[in-house]
Structure formats: C-alpha cells, structure tokens
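Colleague: I am sharing protein.cif, which consists of mmCIF, C-alpha atoms:
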```
data_structure
loop_
_atom_site.label_atom_id
_atom_site.label_comp_id
_atom_site.auth_asym_id
_atom_site.auth_seq_id
_atom_site.Cartn_x
_atom_site.Cartn_y
_atom_site.Cartn_z
CA MET A 23 3.30 -20.82 10.37
CA PRO A 24 6.41 -19.78 12.30
CA TYR A 25 9.79 -20.65 10.92
CA ASP A 26 11.18 -24.03 12.04
CA SER A 27 14.97 -23.89 12.02
CA THR A 28 15.19 -27.72 12.33
CA ALA A 29 13.18 -28.39 9.18
CA PRO A 30 15.08 -29.18 5.97
CA ALA A 31 15.16 -26.38 3.42
CA THR A 32 13.17 -28.32 0.81
CA ALA A 33 10.82 -25.60 -0.39
CA PRO A 34 11.46 -24.93 -4.09
CA PRO A 35 12.85 -21.50 -4.99
CA LEU A 36 10.82 -18.52 -6.16
CA GLY A 37 13.08 -16.21 -8.14
CA VAL A 38 12.23 -12.55 -7.56
CA GLY A 39 13.24 -9.74 -9.88
CA MET A 40 12.66 -6.15 -8.75
CA VAL A 41 12.45 -3.03 -10.91
CA GLY A 42 13.43 0.09 -8.97
CA TYR A 43 15.60 0.36 -5.88
CA ALA A 44 14.78 3.68 -4.19
CA PHE A 45 12.63 4.03 -1.04
CA MET A 46 10.03 1.42 -1.97
CA GLY A 47 12.61 -0.87 -3.52
CA GLN A 48 14.58 -0.81 -0.29
CA ALA A 49 11.44 -1.58 1.72
CA HIS A 50 10.46 -4.45 -0.58
CA SER A 51 14.04 -5.81 -0.49
CA GLN A 52 13.87 -5.90 3.30
CA GLY A 53 10.65 -7.89 3.10
CA TRP A 54 12.04 -10.40 0.61
CA ARG A 55 15.28 -10.83 2.58
CA THR A 56 13.42 -11.43 5.84
CA VAL A 57 10.28 -13.40 5.02
CA GLY A 58 11.86 -16.84 4.62
CA ARG A 59 13.81 -16.44 7.85
CA VAL A 60 10.66 -15.72 9.85
CA PHE A 61 7.81 -17.68 8.26
CA ASP A 62 7.68 -21.29 7.13
CA LEU A 63 6.95 -20.87 3.41
CA PRO A 64 5.93 -23.26 0.63
CA LEU A 65 8.42 -21.51 -1.69
CA THR A 66 11.79 -19.97 -0.90
CA PRO A 67 12.18 -16.41 -2.23
CA ALA A 68 15.50 -15.89 -4.01
CA LEU A 69 16.57 -12.31 -4.77
CA ALA A 70 17.64 -13.00 -8.35
CA ALA A 71 18.09 -9.53 -9.86
CA VAL A 72 17.32 -5.85 -9.38
CA CYS A 73 16.90 -3.38 -12.24
CA GLY A 74 17.70 0.32 -12.62
CA ARG A 75 18.82 2.64 -15.40
CA ASP A 76 22.16 3.75 -13.90
CA PRO A 77 24.65 0.84 -14.22
CA ALA A 78 26.90 1.87 -11.32
CA ALA A 79 24.03 2.81 -9.02
CA VAL A 80 22.08 -0.39 -9.63
CA ARG A 81 25.16 -2.54 -9.02
CA THR A 82 25.72 -0.74 -5.73
CA ALA A 83 22.07 -1.21 -4.83
CA ALA A 84 22.25 -4.92 -5.63
CA GLN A 85 25.20 -5.38 -3.30
CA ARG A 86 23.67 -3.30 -0.51
CA LEU A 87 20.16 -4.77 -0.70
CA GLY A 88 21.14 -8.40 -1.23
CA TRP A 89 20.29 -9.03 -4.89
CA ALA A 90 22.37 -11.58 -6.79
CA ALA A 91 22.54 -9.64 -10.05
CA ALA A 92 21.83 -6.23 -11.58
CA GLU A 93 20.12 -5.30 -14.84
CA THR A 94 19.70 -1.94 -16.58
CA ASP A 95 16.76 -2.92 -18.80
CA TRP A 96 13.53 -4.17 -17.21
CA ARG A 97 12.82 -6.21 -20.34
CA ALA A 98 16.03 -8.16 -19.73
CA LEU A 99 15.00 -8.72 -16.12
CA ILE A 100 11.62 -10.11 -17.20
CA ALA A 101 13.33 -12.41 -19.70
CA ARG A 102 15.60 -14.00 -17.08
CA ASP A 103 14.94 -17.71 -16.49
CA ASP A 104 15.70 -17.32 -12.77
CA VAL A 105 12.91 -14.74 -12.30
CA GLN A 106 9.39 -16.06 -11.73
CA LEU A 107 8.02 -12.97 -9.92
CA VAL A 108 8.48 -9.36 -11.02
CA ASP A 109 8.22 -6.74 -8.25
CA VAL A 110 7.46 -3.28 -9.69
CA CYS A 111 8.73 -0.40 -7.49
CA THR A 112 8.99 2.34 -10.12
CA PRO A 113 7.09 5.65 -10.53
CA GLY A 114 3.48 5.21 -11.61
CA ASP A 115 4.00 6.14 -15.26
CA SER A 116 5.80 2.84 -15.92
CA HIS A 117 3.63 0.48 -13.84
CA ALA A 118 1.31 -0.56 -16.65
CA GLU A 119 3.97 -1.20 -19.27
CA ILE A 120 6.19 -3.27 -16.97
CA ALA A 121 3.40 -5.20 -15.22
CA VAL A 122 1.54 -6.11 -18.41
CA ALA A 123 4.76 -7.22 -20.13
CA ALA A 124 5.70 -9.35 -17.13
CA LEU A 125 2.28 -11.01 -17.00
CA GLU A 126 2.33 -11.70 -20.72
CA ALA A 127 5.77 -13.26 -20.28
CA GLY A 128 4.34 -15.74 -17.77
CA LYS A 129 5.58 -14.07 -14.58
CA HIS A 130 3.76 -13.38 -11.34
CA VAL A 131 3.62 -9.66 -10.47
CA LEU A 132 3.66 -7.48 -7.38
CA CYS A 133 3.09 -3.79 -8.19
CA GLU A 134 3.39 -0.86 -5.82
CA LYS A 135 0.38 1.36 -5.24
CA PRO A 136 -1.37 3.20 -6.72
CA LEU A 137 -1.76 0.58 -9.42
CA ALA A 138 -1.39 3.10 -12.25
CA ASN A 139 -1.68 6.78 -13.14
CA THR A 140 -5.02 6.50 -14.91
CA VAL A 141 -8.12 4.32 -14.87
CA ALA A 142 -7.40 3.24 -18.46
CA GLU A 143 -3.95 1.95 -17.48
CA ALA A 144 -5.35 0.20 -14.42
CA GLU A 145 -8.06 -1.44 -16.55
CA ALA A 146 -5.41 -2.77 -18.94
CA MET A 147 -3.43 -4.14 -15.99
CA ALA A 148 -6.50 -5.79 -14.46
CA ALA A 149 -7.38 -7.35 -17.82
CA ALA A 150 -3.84 -8.71 -18.17
CA ALA A 151 -4.06 -10.11 -14.64
CA ARG A 152 -7.37 -11.85 -15.42
CA ALA A 153 -5.87 -13.47 -18.49
CA ALA A 154 -2.76 -14.48 -16.55
CA ARG A 155 -4.89 -16.01 -13.79
CA GLU A 156 -6.19 -18.50 -16.36
CA ARG A 157 -2.57 -19.56 -16.82
CA GLY A 158 -1.98 -19.95 -13.08
CA GLN A 159 -0.25 -16.61 -12.48
CA VAL A 160 -1.08 -14.16 -9.70
CA ALA A 161 -0.90 -10.37 -9.53
CA MET A 162 -1.08 -8.29 -6.37
CA VAL A 163 -0.94 -4.55 -5.63
CA GLY A 164 1.18 -3.41 -2.68
CA PHE A 165 -1.09 -1.78 -0.13
CA ASN A 166 1.26 -2.70 2.70
CA TYR A 167 -0.69 -1.03 5.53
CA ARG A 168 -3.25 -3.83 5.31
CA ARG A 169 -0.48 -5.98 6.75
CA THR A 170 -0.12 -3.95 9.95
CA PRO A 171 -1.25 -6.45 12.59
CA ALA A 172 -3.47 -3.88 14.33
CA LEU A 173 -5.32 -2.99 11.12
CA ALA A 174 -5.62 -6.68 10.23
CA LEU A 175 -7.12 -7.23 13.69
CA ALA A 176 -9.49 -4.29 13.11
CA ARG A 177 -10.70 -5.91 9.89
CA ARG A 178 -11.24 -9.20 11.72
CA MET A 179 -13.21 -7.51 14.49
CA VAL A 180 -15.43 -5.67 12.01
CA SER A 181 -16.09 -8.89 10.08
CA GLU A 182 -17.00 -10.62 13.35
CA GLY A 183 -19.60 -7.94 14.03
CA ARG A 184 -17.87 -6.38 17.02
CA LEU A 185 -18.83 -2.89 15.77
CA GLY A 186 -22.32 -3.84 14.64
CA ASP A 187 -23.31 -1.84 11.56
CA VAL A 188 -20.51 0.57 10.59
CA ARG A 189 -21.87 4.12 10.29
CA HIS A 190 -18.77 6.31 10.07
CA VAL A 191 -15.26 5.86 8.66
CA ARG A 192 -12.68 8.64 8.89
CA VAL A 193 -9.10 8.56 7.69
CA SER A 194 -6.41 11.23 7.75
CA TYR A 195 -2.93 10.80 6.35
CA LEU A 196 -0.66 13.77 7.01
CA GLN A 197 2.97 14.44 6.05
CA ASP A 198 5.08 17.61 5.93
CA TRP A 199 7.93 17.03 3.49
CA LEU A 200 6.62 19.63 1.02
CA VAL A 201 6.07 22.50 3.47
CA ASP A 202 9.32 24.17 2.33
CA PRO A 203 8.72 25.94 -1.02
CA ALA A 204 12.41 25.42 -1.83
CA PHE A 205 11.95 21.64 -2.01
CA PRO A 206 12.88 20.71 -5.60
CA LEU A 207 10.48 19.61 -8.33
CA ALA A 208 10.88 15.85 -7.85
CA TRP A 209 9.06 13.24 -9.95
CA ARG A 210 6.30 12.99 -7.35
CA LEU A 211 5.35 16.59 -8.18
CA ARG A 212 4.83 15.98 -11.90
CA LYS A 213 1.51 14.62 -13.12
CA GLU A 214 3.09 12.83 -16.08
CA THR A 215 5.14 10.60 -13.76
CA ALA A 216 3.14 10.52 -10.51
CA GLY A 217 -0.44 10.75 -11.79
CA SER A 218 -1.48 12.88 -8.82
CA GLY A 219 0.09 14.27 -5.66
CA ALA A 220 -0.96 13.62 -2.08
CA LEU A 221 -4.14 12.12 -3.50
CA GLY A 222 -2.45 9.17 -5.23
CA ASP A 223 0.52 8.93 -2.89
CA LEU A 224 -1.37 9.00 0.43
CA GLY A 225 -5.02 8.96 -0.61
CA ALA A 226 -4.67 5.58 -2.29
CA HIS A 227 -3.63 4.11 1.07
CA ALA A 228 -6.43 5.92 2.89
CA ILE A 229 -9.06 4.70 0.44
CA ASP A 230 -7.85 1.10 0.50
CA ILE A 231 -7.72 1.01 4.30
CA ALA A 232 -11.18 2.54 4.69
CA GLN A 233 -12.80 0.12 2.24
CA HIS A 234 -10.86 -2.91 3.43
CA VAL A 235 -11.43 -2.47 7.18
CA ALA A 236 -15.08 -1.42 6.76
CA GLY A 237 -15.70 -4.24 4.30
CA SER A 238 -17.48 -2.04 1.76
CA PRO A 239 -16.39 0.01 -1.30
CA LEU A 240 -17.03 3.69 -1.80
CA ALA A 241 -20.14 4.47 -3.83
CA GLY A 242 -19.33 8.13 -4.46
CA VAL A 243 -17.30 11.13 -3.29
CA SER A 244 -17.34 14.92 -2.97
CA ALA A 245 -13.89 16.50 -3.00
CA GLN A 246 -11.58 19.49 -2.98
CA THR A 247 -7.89 19.57 -3.83
CA GLU A 248 -5.28 22.33 -3.66
CA THR A 249 -1.72 23.00 -4.79
CA PHE A 250 -0.34 25.57 -2.35
CA VAL A 251 3.16 25.86 -3.88
CA LYS A 252 2.63 26.10 -7.61
CA GLU A 253 6.27 26.39 -8.70
CA ARG A 254 9.41 24.78 -7.31
CA PRO A 255 13.16 24.77 -8.12
CA LEU A 256 14.01 22.44 -10.98
CA GLY A 257 17.22 21.12 -9.43
CA ASP A 258 19.20 18.33 -11.14
CA GLY A 259 21.73 20.69 -12.76
CA ALA A 260 19.23 23.37 -13.82
CA PRO A 261 20.32 27.02 -13.45
CA ALA A 262 19.97 28.32 -9.90
CA GLY A 263 16.62 29.92 -9.30
CA GLU A 264 14.91 28.34 -12.31
CA LEU A 265 11.44 27.14 -11.41
CA GLY A 266 9.06 24.59 -12.87
CA ALA A 267 5.32 24.14 -12.50
CA VAL A 268 3.95 21.73 -9.90
CA THR A 269 1.23 19.82 -11.74
CA VAL A 270 -0.21 17.72 -8.90
CA ASP A 271 -2.08 18.48 -5.69
CA ASP A 272 -0.46 19.20 -2.33
CA ALA A 273 -3.57 18.20 -0.40
CA ALA A 274 -7.04 16.71 -0.83
CA VAL A 275 -10.10 16.56 1.40
CA PHE A 276 -13.16 14.55 0.46
CA THR A 277 -16.24 12.92 1.87
CA GLY A 278 -17.91 9.80 0.61
CA ARG A 279 -20.62 7.23 1.08
CA LEU A 280 -19.88 3.53 1.19
CA VAL A 281 -22.08 1.04 -0.63
CA SER A 282 -23.09 -0.18 2.83
CA GLY A 283 -24.53 3.26 3.60
CA ALA A 284 -21.78 4.37 5.98
CA LEU A 285 -20.41 7.90 5.66
CA ALA A 286 -16.68 8.46 5.21
CA SER A 287 -14.32 11.42 5.41
CA PHE A 288 -10.72 11.73 4.24
CA GLU A 289 -7.90 14.26 4.54
CA VAL A 290 -4.52 13.71 2.88
CA THR A 291 -1.71 16.24 2.67
CA ARG A 292 2.05 16.55 2.29
CA VAL A 293 2.15 20.08 3.76
CA ALA A 294 0.99 19.50 7.37
CA ALA A 295 3.91 20.98 9.33
CA GLY A 296 5.14 18.65 12.05
CA ARG A 297 3.37 15.55 10.75
CA LYS A 298 5.86 13.04 9.38
CA ASN A 299 3.77 9.99 8.57
CA ALA A 300 0.60 10.47 10.57
CA LEU A 301 -1.98 7.93 9.43
CA ARG A 302 -5.11 7.78 11.60
CA VAL A 303 -8.19 5.61 11.10
CA GLU A 304 -11.44 5.47 13.07
CA LEU A 305 -14.65 3.50 12.55
CA ASN A 306 -17.87 4.01 14.49
CA GLY A 307 -20.64 1.43 14.49
CA THR A 308 -23.89 0.66 16.25
CA ALA A 309 -22.13 -1.62 18.74
CA GLY A 310 -18.71 -0.01 19.13
CA SER A 311 -15.77 1.87 17.67
CA LEU A 312 -12.18 1.19 16.60
CA ALA A 313 -9.28 3.64 16.22
CA PHE A 314 -5.74 3.20 14.89
CA ASP A 315 -2.73 5.53 14.79
CA LEU A 316 0.30 4.51 12.70
CA GLU A 317 2.58 6.36 15.11
CA ARG A 318 1.43 3.78 17.72
CA LEU A 319 1.16 0.92 15.29
CA ASN A 320 1.20 -1.91 17.82
CA GLU A 321 -1.98 -0.60 19.43
CA LEU A 322 -5.67 -0.60 18.58
CA GLU A 323 -8.29 1.37 20.50
CA PHE A 324 -11.64 -0.34 20.98
CA HIS A 325 -14.86 0.88 22.53
CA ASP A 326 -17.52 -1.75 23.26
CA HIS A 327 -20.80 0.16 23.24
CA THR A 328 -22.73 -2.86 24.49
CA GLN A 329 -21.24 -2.43 27.96
CA ALA A 330 -22.98 -0.43 30.66
CA ALA A 331 -22.26 3.29 30.36
CA GLY A 332 -20.61 3.38 33.76
CA GLU A 333 -17.98 0.86 32.66
CA SER A 334 -17.59 1.60 28.96
CA GLY A 335 -14.99 3.68 27.16
CA PHE A 336 -12.08 3.24 24.78
CA ARG A 337 -9.51 0.68 25.88
CA ARG A 338 -6.11 -0.08 24.42
CA ILE A 339 -5.48 -3.45 22.82
CA LEU A 340 -1.75 -4.19 22.62
CA VAL A 341 -1.53 -6.08 19.33
CA THR A 342 1.44 -8.31 20.07
CA GLU A 343 -0.16 -11.63 21.01
CA HIS A 344 0.59 -14.74 18.97
CA ASP A 345 -3.09 -15.15 18.06
CA HIS A 346 -3.15 -11.69 16.49
CA PRO A 347 -2.68 -11.51 12.69
CA TYR A 348 0.87 -12.28 11.47
CA LEU A 349 2.32 -12.44 14.99
CA GLU A 350 2.56 -16.22 15.36
CA ALA A 351 6.11 -16.08 13.97
CA TRP A 352 7.46 -13.01 15.73
CA TRP A 353 8.58 -12.04 19.22
CA PRO A 354 7.08 -12.78 22.67
CA PRO A 355 3.99 -10.72 23.58
CA GLY A 356 4.77 -7.09 24.29
CA HIS A 357 7.67 -6.90 21.82
CA GLY A 358 6.36 -4.62 19.07
CA LEU A 359 6.86 -4.61 15.32
CA GLY A 360 7.49 -1.68 12.96
CA TYR A 361 6.83 -0.29 9.50
CA GLU A 362 9.27 -2.63 7.77
CA HIS A 363 7.37 -5.72 8.93
CA THR A 364 4.36 -4.86 6.77
CA PHE A 365 6.50 -5.66 3.72
CA THR A 366 7.56 -9.00 5.21
CA HIS A 367 3.88 -9.85 5.76
CA GLN A 368 3.09 -8.74 2.22
CA ALA A 369 5.75 -11.07 0.86
CA ARG A 370 4.43 -13.94 2.99
CA ASP A 371 0.88 -13.55 1.72
CA LEU A 372 2.00 -13.31 -1.90
CA VAL A 373 4.21 -16.40 -1.67
CA HIS A 374 1.30 -18.41 -0.27
CA ALA A 375 -1.00 -17.15 -3.04
CA ILE A 376 1.53 -18.18 -5.70
CA ALA A 377 2.05 -21.61 -4.13
CA THR A 378 -1.67 -22.34 -3.82
CA GLY A 379 -2.80 -20.62 -7.02
CA THR A 380 -5.30 -18.49 -5.11
CA ARG A 381 -6.23 -14.91 -5.90
CA PRO A 382 -4.13 -12.59 -3.70
CA ALA A 383 -5.55 -9.61 -1.83
CA PRO A 384 -5.42 -6.86 -2.78
CA SER A 385 -5.61 -7.99 -6.40
CA PHE A 386 -5.21 -5.85 -9.50
CA GLU A 387 -9.01 -5.66 -9.54
CA ASP A 388 -8.83 -4.10 -6.08
CA GLY A 389 -6.17 -1.70 -7.32
CA LEU A 390 -8.42 -0.76 -10.26
CA GLN A 391 -11.29 -0.04 -7.89
CA VAL A 392 -9.08 2.32 -5.84
CA GLN A 393 -7.99 3.98 -9.10
CA LYS A 394 -11.64 4.64 -9.93
CA VAL A 395 -12.13 6.31 -6.56
CA LEU A 396 -9.05 8.49 -7.14
CA ALA A 397 -10.44 9.49 -10.55
CA ALA A 398 -13.82 10.32 -9.00
CA VAL A 399 -12.11 12.50 -6.38
CA GLU A 400 -10.27 14.43 -9.11
CA GLU A 401 -13.46 14.81 -11.15
CA SER A 402 -15.40 16.05 -8.14
CA ALA A 403 -12.68 18.57 -7.25
CA GLU A 404 -12.65 19.89 -10.83
CA LYS A 405 -16.42 20.40 -10.57
CA ASN A 406 -16.24 22.28 -7.27
CA CYS A 407 -17.17 19.39 -4.95
CA VAL A 408 -20.02 17.96 -7.04
CA TYR A 409 -20.92 14.49 -5.71
CA THR A 410 -19.39 12.01 -8.16
CA PRO A 411 -20.38 8.32 -8.24
CA VAL A 412 -17.68 5.65 -8.32
CA GLU A 413 -18.19 3.02 -11.01
CA GLN A 414 -18.89 -0.33 -9.37
CA PRO A 415 -17.93 -3.76 -10.71
CA ALA A 416 -20.61 -5.53 -12.70
CA THR A 417 -20.97 -8.11 -9.92
CA ALA A 418 -21.42 -5.50 -7.17
#
```
Take the structure in the file and write it out as structure tokens.
Modeller:
Amino acid sequence: MPYDSTAPATAPPLGVGMVGYAFMGQAHSQGWRTVGRVFDLPLTPALAAVCGRDPAAVRTAAQRLGWAAAETDWRALIARDDVQLVDVCTPGDSHAEIAVAALEAGKHVLCEKPLANTVAEAEAMAAAARAARERGQVAMVGFNYRRTPALALARRMVSEGRLGDVRHVRVSYLQDWLVDPAFPLAWRLRKETAGSGALGDLGAHAIDIAQHVAGSPLAGVSAQTETFVKERPLGDGAPAGELGAVTVDDAAVFTGRLVSGALASFEVTRVAAGRKNALRVELNGTAGSLAFDLERLNELEFHDHTQAAGESGFRRILVTEHDHPYLEAWWPPGHGLGYEHTFTHQARDLVHAIATGTRPAPSFEDGLQVQKVLAAVEESAEKNCVYTPVEQPATA
C-alpha cells in the first residue's frame, strides 16, 4: 500500500543491523532509509547499527548512511538487543558464518547474492534457515533485480500465460570494469573471497532472473569460462609492479535446459568494453515474446503472436502505471524509477514477510538452488563443456 502521511506512526519498530558498508551496503542503506517513507508497512525499519572492521571508516559510514551506531565486530552487532534483522553485505567468504550465527541467535536475515561461495556453505545456510523458520524467523537472499517493476511484470505475464509455453530464455549480463589489465587484484578477483568471478557476480543474477521469470529451474548446463588477464597488480601497499594471480573467471558462456523443456543461453562477462551494466533478458513462447534491457529499465517489450501477422510486432510497455508491480506508491505514470528502487522494493517485501511470518522470495532455498547451478557451470567448464545436470530438490 502507498504511504499515508496522515496515519499515526503506530507500526512497531524493526531494528536492522548491517554488516558491510561498501557498494552493496550503500545500496541496502538507501533501501532501508526510503522504504518506510514510501510504503505503508506493518513494521517500521530502524537503522540500528552498521558493522565494519575499520573503526574510523565504519563510524564515518554510519553517519553518512544514516545508521544510529557503529560496530567493529559482527558478533557484537548480532548480540545487540535493538537488532532483530541482520543484513549481510560482505564478500561471499563470510556469508555463511555470519548468516548462520545470526539465525541461531534468533535474528531474521537478509544476505546478498550469491548466497555463498560453495554449495556446502549454501546447504548449511539453507538448513539453518529451515530450523529458524520453525521459530518464526525468515531468511531471504538479495536478488534485487527481481524487484525491477518491468521484470516483475514480465513474471506476471508469463504466469498468466501471455507467452504460452516458454521455449527459449536468453540472458546476457555485460560489464567492462576489468578490461584494463592494470586494474588491481581486488577481492572480487580471488576465489577464496569471491568464490568465482563474473559467474558468481553476474551469472547468479542471470540464473535467478531466467528461472524466476520463466517459472522453471535449470535442469542442466553446458559451459565454458575464461580468465583473459591471469595476473594483476597487487596494490594496497605492495611494491610497484608486483603481480598476483587472478583465480576466478573473467567471463562465462553456457547453455542450459529448464525442467519445463525450454532452452536457455547465458553470457556473463566483466571485460566487454563499453558495456557498463548491460543486463538483457528475452523469453520466446508459443504465444508471444518478452524482452527487457536494464539500461531502459522502465520499459518492457512485448510481442503478441496471437495477433494477425499484418498487425503484430514488438511493442513497448512503459512500466510506470500504478497497477504495475510496486508502483502503487511511487510517482504519477510516466515518471520512471531507477536502480536504487529495487532495494526499496526488496526491503518492503522482506518487512511484510517478517510481519506475516511467511516464507520470503527468494528464500535461502532459492539461493541454494542458484548455487547448485553455479557449481554445475564450473564443473561443466572444467570438463570442456560436458553437459552437467543440476541437482533438483527432493520435491521437484
């Protein structure tokens, strides 16, 4: 529901504690600051504390991002009485430890994607989330692109049968920030901290979007990956010219088959010169097609194949109407939203799940399933594109 400025602020507080304050922490902070001022919520998010290892830097971040307090130990943040929800925005190597500890301490959890660095870690997190659900806690993984109104509308249209039977899904996610071989060896380029490269960073989004919008999980994949720049400057005070090994992929391409029978293709890279954040999605079905481009994120292209050939073709849907997903609380039609709003929508959905005790989407189980696809992609690439099945849940 849209925010009603005349209503009394009676919703009980939901204390949020966030671990990490870099790019994703800033984006999540924006969502938490904004959500209660836009949507009418059953709980009122309160930015209780943010955590980081550098005392001065985390205090500065707290002041800049709107957090009431700063901590330098995530265990202390979890132990705070004013924190009921722990938001994990750290590199992947710490997701499992922090999220499991928070769940065992009785907290709700939001964890950035990908859920973990390995399937084993993701399985432990999903198991902790299942146990916590019995105690009334919720756990959600942060695939924020699901909350783009145009992609949410695409999912609704597919579920309504507007495409008929989906036959093809194709996703490309292209960036260029690693084209320069002089870019330093950041944590995202080390397997021990990041898990994988473009595959986990961008491919996790691509996989989740494809499965979510099509309404079917991947059954198996055939893949190739490549690291084009194998050594990079160490930076961070290391001697000039000293290089370290890049231990993750720069790019991945893979095909797959959905459980539904549809074919899928994916390309993810961080070395596509000129492409800053180019996420493109297309679905083709027996009755029509849908296409989405993140660089035009308020638009959705739709082709209705049931129309006469002389009148059919792709048409643009401007996704700014109040009956489109999430837009009941925003601006008049025609006034578009941006990237930051996906995090506000994410916060809205999670608050409602906590208040009602319902399982949020995407859940840790969903995050585990994506992790299994990532692992299958890596296994296939190691075996020179051999088709590799993705383990399905027992209930599938």
Colleague: I need the output of the PyMOL selection byres ((chain A and resi 127-139) around 9) for this file as a PDB file with C-alpha atoms, in the coordinates of the input; which residues are they?
Modeller:
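Output below, filename expr-v6.pdb:
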```pdb
ATOM      1  CA  MET A  46      10.030   1.420  -1.970  1.00  0.00           C
ATOM      2  CA  ILE A 100      11.620 -10.110 -17.200  1.00  0.00           C
ATOM      3  CA  ALA A 101      13.330 -12.410 -19.700  1.00  0.00           C
ATOM      4  CA  VAL A 105      12.910 -14.740 -12.300  1.00  0.00           C
ATOM      5  CA  GLN A 106       9.390 -16.060 -11.730  1.00  0.00           C
ATOM      6  CA  LEU A 107       8.020 -12.970  -9.920  1.00  0.00           C
ATOM      7  CA  VAL A 108       8.480  -9.360 -11.020  1.00  0.00           C
ATOM      8  CA  ASP A 109       8.220  -6.740  -8.250  1.00  0.00           C
ATOM      9  CA  VAL A 110       7.460  -3.280  -9.690  1.00  0.00           C
ATOM     10  CA  CYS A 111       8.730  -0.400  -7.490  1.00  0.00           C
ATOM     11  CA  THR A 112       8.990   2.340 -10.120  1.00  0.00           C
ATOM     12  CA  PRO A 113       7.090   5.650 -10.530  1.00  0.00           C
ATOM     13  CA  GLY A 114       3.480   5.210 -11.610  1.00  0.00           C
ATOM     14  CA  ASP A 115       4.000   6.140 -15.260  1.00  0.00           C
ATOM     15  CA  SER A 116       5.800   2.840 -15.920  1.00  0.00           C
ATOM     16  CA  HIS A 117       3.630   0.480 -13.840  1.00  0.00           C
ATOM     17  CA  ALA A 118       1.310  -0.560 -16.650  1.00  0.00           C
ATOM     18  CA  ALA A 121       3.400  -5.200 -15.220  1.00  0.00           C
ATOM     19  CA  VAL A 122       1.540  -6.110 -18.410  1.00  0.00           C
ATOM     20  CA  ALA A 123       4.760  -7.220 -20.130  1.00  0.00           C
ATOM     21  CA  ALA A 124       5.700  -9.350 -17.130  1.00  0.00           C
ATOM     22  CA  LEU A 125       2.280 -11.010 -17.000  1.00  0.00           C
ATOM     23  CA  GLU A 126       2.330 -11.700 -20.720  1.00  0.00           C
ATOM     24  CA  THR A 140      -5.020   6.500 -14.910  1.00  0.00           C
ATOM     25  CA  VAL A 141      -8.120   4.320 -14.870  1.00  0.00           C
ATOM     26  CA  ALA A 142      -7.400   3.240 -18.460  1.00  0.00           C
ATOM     27  CA  GLU A 143      -3.950   1.950 -17.480  1.00  0.00           C
ATOM     28  CA  ALA A 144      -5.350   0.200 -14.420  1.00  0.00           C
ATOM     29  CA  MET A 147      -3.430  -4.140 -15.990  1.00  0.00           C
ATOM     30  CA  ALA A 151      -4.060 -10.110 -14.640  1.00  0.00           C
ATOM     31  CA  ALA A 154      -2.760 -14.480 -16.550  1.00  0.00           C
ATOM     32  CA  ARG A 157      -2.570 -19.560 -16.820  1.00  0.00           C
ATOM     33  CA  GLY A 158      -1.980 -19.950 -13.080  1.00  0.00           C
ATOM     34  CA  GLN A 159      -0.250 -16.610 -12.480  1.00  0.00           C
ATOM     35  CA  VAL A 160      -1.080 -14.160  -9.700  1.00  0.00           C
ATOM     36  CA  ALA A 161      -0.900 -10.370  -9.530  1.00  0.00           C
ATOM     37  CA  MET A 162      -1.080  -8.290  -6.370  1.00  0.00           C
ATOM     38  CA  VAL A 163      -0.940  -4.550  -5.630  1.00  0.00           C
ATOM     39  CA  GLY A 164       1.180  -3.410  -2.680  1.00  0.00           C
ATOM     40  CA  PHE A 165      -1.090  -1.780  -0.130  1.00  0.00           C
ATOM     41  CA  ASN A 166       1.260  -2.700   2.700  1.00  0.00           C
ATOM     42  CA  LYS A 213       1.510  14.620 -13.120  1.00  0.00           C
ATOM     43  CA  GLU A 214       3.090  12.830 -16.080  1.00  0.00           C
ATOM     44  CA  THR A 215       5.140  10.600 -13.760  1.00  0.00           C
ATOM     45  CA  ALA A 216       3.140  10.520 -10.510  1.00  0.00           C
ATOM     46  CA  GLY A 217      -0.440  10.750 -11.790  1.00  0.00           C
ATOM     47  CA  SER A 218      -1.480  12.880  -8.820  1.00  0.00           C
ATOM     48  CA  GLY A 222      -2.450   9.170  -5.230  1.00  0.00           C
ATOM     49  CA  ASP A 223       0.520   8.930  -2.890  1.00  0.00           C
ATOM     50  CA  ALA A 226      -4.670   5.580  -2.290  1.00  0.00           C
ATOM     51  CA  HIS A 227      -3.630   4.110   1.070  1.00  0.00           C
ATOM     52  CA  LEU A 372       2.000 -13.310  -1.900  1.00  0.00           C
ATOM     53  CA  ILE A 376       1.530 -18.180  -5.700  1.00  0.00           C
ATOM     54  CA  PHE A 386      -5.210  -5.850  -9.500  1.00  0.00           C
ATOM     55  CA  GLY A 389      -6.170  -1.700  -7.320  1.00  0.00           C
ATOM     56  CA  LEU A 390      -8.420  -0.760 -10.260  1.00  0.00           C
ATOM     57  CA  VAL A 392      -9.080   2.320  -5.840  1.00  0.00           C
ATOM     58  CA  GLN A 393      -7.990   3.980  -9.100  1.00  0.00           C
TER      59      GLN A 393
END
```
Colleague: Select, from A:Ala90, A:Leu36, A:Val188, A:Val341, the residue with the minimum atom-to-atom distance to Pro67 (chain A), counting only C-alpha atoms.
Modeller: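 Nearest to Pro67 (chain A): A:Leu36.
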Colleague: Using Å and a single decimal, report how far CA of Gly58 (chain A) sits from CA of Pro347 (chain A).
Modeller: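 Atom-to-atom, CA of Pro347 (chain A) and CA of Gly58 (chain A) are spaced 17.5 Å apart.
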Colleague: Pick from A:Leu280, A:Ser334, A:Trp96, A:Met40: nearest to Leu69 (chain A), with all atoms listed in the file counted?
Modeller: A:Met40
Colleague: Got a sec: who's within 8 Å of region 229-245 of chain A, counting only C-alpha atoms, leaving out chain neighbours fewer than 6 positions off, as a PyMOL selection string?
Modeller: chain A and resi 165+167-168+173-174+176-177+180-181+188+191-193+274-282+303+305+392+395+398-400+402-403+406-414
Colleague: What is the distance between CA of Ala397 (chain A) and CA of Arg152 (chain A), in Å to one decimal?
Modeller: 22.1 Å
Colleague: Can you tell me, as number ranges by chain, what residues are no more than 6 Å from region 263-267 of chain A when counting all atoms listed in the file, ignoring any on the same chain fewer than 5 positions away?
Modeller: A: 252-256
Colleague: Starting from the displayed file, determine the output of the PyMOL selection byres ((chain A and resi 315-322) around 6) and express the residue list as an NGL selection string.
Modeller: :A and (172 or 301-302 or 314 or 323 or 338-341 or 358)
Colleague: For the atom pair CA of Trp352 (chain A) and CA of Gln52 (chain A), what is the interatomic distance in Å to one decimal place?
Modeller: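 We find that CA of Trp352 (chain A) and CA of Gln52 (chain A) lie 15.7 Å from each other.
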Colleague: Edge lengths and centre in Å to one decimal, as lines of an AutoDock Vina configuration file, is what I'm after for the box along x, y and z that holds all listed atoms of region 353-367 of chain A once 5 Å is added on each side.
Modeller:
```
center_x = 6.6
center_y = -6.5
center_z = 14.0
size_x = 15.4
size_y = 22.5
size_z = 30.6
```
Colleague: Which is closest to Val268 (chain A) among A:Pro206, A:Gly47, A:Gly356, A:Pro34, if we use only C-alpha atoms?
Modeller: A:Pro206
Colleague: Given the choices A:Phe250, A:Phe336, A:Tyr195, A:Tyr43, which gets closest to Ser287 (chain A) if the distance is worked out from all atoms listed in the file?
Modeller: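 Under the stated criterion, the closest residue is A:Tyr195.
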Colleague: Ranking A:Gly74, A:Gly310, A:Gly186, A:Pro64 by minimum distance to His325 (chain A) and counting all atoms listed in the file, which one comes first?
Modeller: A:Gly310
Colleague: Quick one: of A:Ala309, A:Val60, A:Leu65, A:Ala33, who's nearest to Arg184 (chain A), counting only C-alpha atoms?
Modeller: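 Looking only at the distances to Arg184 (chain A), the closest residue turns out to be A:Ala309.
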